[in-house]
Amino acid sequence: MSAQSRISRRAGLIAAAVTSFALVLTGCAGGGGNGQSDTLTIAINGEPQSLDPATNGGDFQQIVQWLSYEPLIRQESDGSFSAGLAESWEYVGDDNTVFEMTLRADAAFADGEPVTAEAVVDTIEYYVATPGTLHSTIDALESVEAVDDDTVRITYSEPNPILPYVFSQMTNYGNVISPAGLADPDGLGTATFGAGAYVLDTAATVSGDRYVFTPNENYWNPETQNYKKVVVRVIPDAQTALSALKTGQINVSTVTSQAQVSEAESSDIDVLTGKPLSIVVWLMDRDGRVDPAMADPRVRQALNYAVDREAIASALGEAYTPLNQYVATGGLGYSADLEDAYAYDPEKAKELLADAGVPDGFSLAFATNTDNRDAEVSQILVEQWAAVGVQAELTTYNNQPGEMFGAIADGKVAAITFALNADVTTQQALLTAASVFNPFGLTAPEVTAAYDTLSLTSDTDVAGAAKAVNTALSEDAWFVPVVSIDSFLFAKGVDELGELASNGALDILSWAPAS
């Protein structure tokens with residue numbers, strides 16, 4: 001087995017186990033094949049933070065980049081990796097710190113300029129210099145260089161076994177920007193400068209409402225350009241999106257809920273089901289900078305024991321499952337030994353608070369966003385924590401991550417509720433380094449040791465090493481896991497849908513009008 005095959009299989013296993021964001025209707029499905037005779041219209045629930053890959057948010061906001069920027073390495077919806085602008089890739093040596101990619105010779109940007117190793121180097125250096133939501137995944141990047149015209153070498157200061165994922169479309173850091181785009185940083189936010197299958201039609205685009213794309217005439221793989229036009233629509237309401245899908249006004253909806261599945265299936269709508277998302281409270285203030293009591297692990301444990309997960313799942317509906325650990329059932333790192341961790345025990349919660357020196361409770365700076373899942377869970381938590389003396393002061397932000405993460409970075413928030421694909425194998429930098437979810441750059445010896453083992457483990461031992469990380473996170477109470485919920489995608493009139501990956505990866509360039 002080649003080095004590329006080994007690392008592709010390893011990283012595919014890891015990343016598959018790695019996630020979460022006005023209706024003027026256009027387009028209809030029909031026709032078929034690669035004749036480019038049709039429009040594909042995709043609904044997402046929130047406008048992209050930016051068209052700049054460095055500063056856009058995650059979740060399905062990234063679709064605007066997936067269409068217009070070609071990644072170095074493409075993650076498929078089944079978790080595997082395939083060639084994008086890089087035809088091959090491999091680690092150099094055995095310590096997972098040096099990574100080389102060999103570029104294809106036939107790729108060009110939409111403006112006709114060739115994709116070169118220097119362009120890749122300049123792009124990665126731009127990402128390193130530009131703060132973004134997932135910047136923690138490249139914080140340890142030590143150097144990037146063009147070995148020759150076709151080869152790029154990346155060196156990290158510490159082992160990183162998931163670099164095929166880091167330089168894929170899923171983080172945006174695999175998306176290569178043209179020299180013209182890098183020369184116009186302000187323009188990156190309002191236009192596209194990639195080598196992807198499509199380009200933004202700025203004249204037809206209405207920011208915050210619709211983003212219209214047309215085929216890139218210089219795309220290296222025109223066989224995947226199955227539509228003459230792709231429209232990304234911002235439709236915040238799930239029922240509005242489903243109605244638009246049923247009437248043929250959109251083709252794909254990422255704005256869904258489990259309560260809609262039966263209705264969708266009865267309307268001959270295809271339903272893709274992803275692995276469960278974990279709805280958890282991130283206890284970010286673990287050294288007590290915002291709320292001093294949070295520095296004591298007994299306080300964080302008390303917050304866990306005060307939560308009646310069974311009651312919350314029952315109140316929210318059959319779509320929800322009680323969750324006692326960060327990783328949801330079936331995820332890489334899930335541990336059966338943690339199924340009863342932090343079972344509901346309000347008296348124990350009170351005892352722990354008393355032992356920690358806050359017998360009368362304390363005030364918790366708590367935040368959430370208007371995503372229904374997070375907001376509903378947060379409101380119930382406020383009530384349950386109040387029963388043990390903790391007064392959670394809840395601030396609800398609009399479903400634009402930048403606003404909430406800005407408050408986190410400013411030290412105004414001690415804990416947030418956020419639903420995501422809880423994949424410990426791809427989230428080391430997010431969890432243990434300074435990041436949007438870890439503004440103070442906190443870690444713990446047991447978690448660091450578990451991650452050190454995971455970073456160098458073999459394929460056959462990944463599951464056990466991931467479970468050790470999940471266990472360490474639980475014991476130090478970095479989170480309050482609450483419930484899990486499946487994720488869904490609805491589509492009608494689209495062939496070759498593929499899967500919905502646990503981290504949201506979609507095979508958009510395989511989609512074609514139904515024949």
# chains A, B, ... in the order shown; residues from 1 in each chain; ligands from 1
>>> select_by_dssp(residues="range 254-446 of chain A", states="strand (DSSP E or B)", output="VMD selection string")
chain A and resid 270 to 283 320 to 322 363 to 369 391 to 397 415 to 420 435 438
>>> write_last_selection(atoms="C-alpha atoms", output="short mmCIF file (atom, residue, chain, number, x, y, z; two decimals), in the first residue's frame")
data_model
loop_
_atom_site.label_atom_id
_atom_site.label_comp_id
_atom_site.auth_asym_id
_atom_site.auth_seq_id
_atom_site.Cartn_x
_atom_site.Cartn_y
_atom_site.Cartn_z
CA ASP A 270 -34.99 11.98 -0.83
CA VAL A 271 -33.73 12.11 2.75
CA LEU A 272 -30.06 11.78 3.66
CA THR A 273 -29.37 11.08 7.32
CA GLY A 274 -26.06 12.03 8.91
CA LYS A 275 -24.59 10.77 12.14
CA PRO A 276 -25.92 12.41 15.32
CA LEU A 277 -24.88 15.88 16.32
CA SER A 278 -23.97 16.45 19.95
CA ILE A 279 -25.73 19.36 21.65
CA VAL A 280 -23.39 20.27 24.47
CA VAL A 281 -22.46 23.17 26.70
CA TRP A 282 -18.83 24.15 26.24
CA LEU A 283 -17.41 25.06 29.67
CA TYR A 320 -33.62 13.77 20.72
CA THR A 321 -31.57 11.23 22.67
CA PRO A 322 -30.05 11.85 26.12
CA SER A 363 -23.77 33.50 38.46
CA LEU A 364 -22.81 31.90 35.13
CA ALA A 365 -22.25 34.01 32.00
CA PHE A 366 -24.05 31.75 29.52
CA ALA A 367 -24.69 32.17 25.78
CA THR A 368 -26.46 30.47 22.92
CA ASN A 369 -27.68 31.33 19.43
CA GLN A 391 -28.02 31.54 38.11
CA ALA A 392 -27.27 31.27 34.40
CA GLU A 393 -27.43 34.71 32.78
CA LEU A 394 -28.38 33.69 29.23
CA THR A 395 -27.57 35.85 26.21
CA THR A 396 -28.98 34.70 22.87
CA TYR A 397 -27.17 35.76 19.70
CA ALA A 415 -20.12 28.76 28.65
CA ILE A 416 -22.08 28.32 25.43
CA THR A 417 -24.51 25.77 24.03
CA PHE A 418 -23.50 24.65 20.56
CA ALA A 419 -24.45 21.67 18.42
CA LEU A 420 -21.73 20.05 16.34
CA SER A 435 -9.60 28.82 19.31
CA ASN A 438 -11.14 27.85 23.70
#
>>> residues_around(residues="Gln169 in chain A", least_positions_apart="6", cutoff="12 Å", atoms="only C-alpha atoms", output="MDAnalysis selection string")
chainID A and resid 53:54 58:60 62:77 81:85 163 175:176 196 503:508
>>> closest_residue(among="A:Gly317, A:Pro222, A:Pro297, A:Gly194", to="Gln258 in chain A", atoms="only C-alpha atoms")
A:Gly317
>>> atom_distance(atom1="CA of Ala313 in chain A", atom2="CA of Gly331 in chain A")
19.4 Å
>>> residues_around(residues="Ile380 in chain A", least_positions_apart="3", cutoff="12 Å", atoms="only C-alpha atoms", output="ChimeraX atom specification")
/A:306-309,311-316,373-377,383-387,392,394,417,482
>>> write_last_selection(atoms="C-alpha atoms", output="PDB file, in the first residue's frame")
ATOM      1  CA  ALA A 306     -27.799  19.079  37.775  1.00  0.00           C
ATOM      2  CA  VAL A 307     -29.002  18.253  34.250  1.00  0.00           C
ATOM      3  CA  ASP A 308     -31.953  15.899  33.765  1.00  0.00           C
ATOM      4  CA  ARG A 309     -31.118  14.721  30.250  1.00  0.00           C
ATOM      5  CA  ALA A 311     -36.498  15.033  30.841  1.00  0.00           C
ATOM      6  CA  ILE A 312     -34.925  17.379  28.297  1.00  0.00           C
ATOM      7  CA  ALA A 313     -35.014  14.775  25.536  1.00  0.00           C
ATOM      8  CA  SER A 314     -38.625  13.983  26.360  1.00  0.00           C
ATOM      9  CA  ALA A 315     -39.588  17.661  26.329  1.00  0.00           C
ATOM     10  CA  LEU A 316     -37.895  18.332  23.003  1.00  0.00           C
ATOM     11  CA  ARG A 373     -31.858  23.197  18.898  1.00  0.00           C
ATOM     12  CA  ASP A 374     -29.374  25.225  20.914  1.00  0.00           C
ATOM     13  CA  ALA A 375     -31.855  27.843  22.107  1.00  0.00           C
ATOM     14  CA  GLU A 376     -34.446  25.349  23.386  1.00  0.00           C
ATOM     15  CA  VAL A 377     -31.837  23.327  25.240  1.00  0.00           C
ATOM     16  CA  GLU A 383     -34.232  26.333  34.839  1.00  0.00           C
ATOM     17  CA  GLN A 384     -32.474  23.118  35.885  1.00  0.00           C
ATOM     18  CA  TRP A 385     -29.312  24.894  37.049  1.00  0.00           C
ATOM     19  CA  ALA A 386     -31.411  27.367  39.020  1.00  0.00           C
ATOM     20  CA  ALA A 387     -32.763  24.420  41.034  1.00  0.00           C
ATOM     21  CA  ALA A 392     -27.271  31.266  34.400  1.00  0.00           C
ATOM     22  CA  LEU A 394     -28.375  33.686  29.232  1.00  0.00           C
ATOM     23  CA  THR A 417     -24.507  25.769  24.029  1.00  0.00           C
ATOM     24  CA  VAL A 482     -27.160  17.236  26.982  1.00  0.00           C
TER      25      VAL A 482
END
>>> closest_residue(among="A:Leu352, A:Ala341, A:Asp237, A:Val166", to="Arg298 in chain A", atoms="only C-alpha atoms")
A:Leu352
>>> atom_distance(atom1="CA of Pro215 in chain A", atom2="CA of Asn251 in chain A")
18.1 Å
>>> residues_around(residues="range 131-138 of chain A", least_positions_apart="5", cutoff="12 Å", atoms="only C-alpha atoms", output="count of residues only")
60
>>> residues_around(residues="range 205-213 of chain A", least_positions_apart="4", cutoff="7 Å", atoms="only C-alpha atoms", output="list in words")
Ala22, Glu47, Tyr198, Val199, Leu200, Asp201, Lys229, Val230, Val231, Val232, Arg233 and Val234 of chain A
>>> residues_around(residues="Ser474 in chain A", least_positions_apart="3", cutoff="10 Å", atoms="only C-alpha atoms", output="PyMOL selection string")
chain A and resi 301+304+324-326+338+341-342+447+468-471+477-481
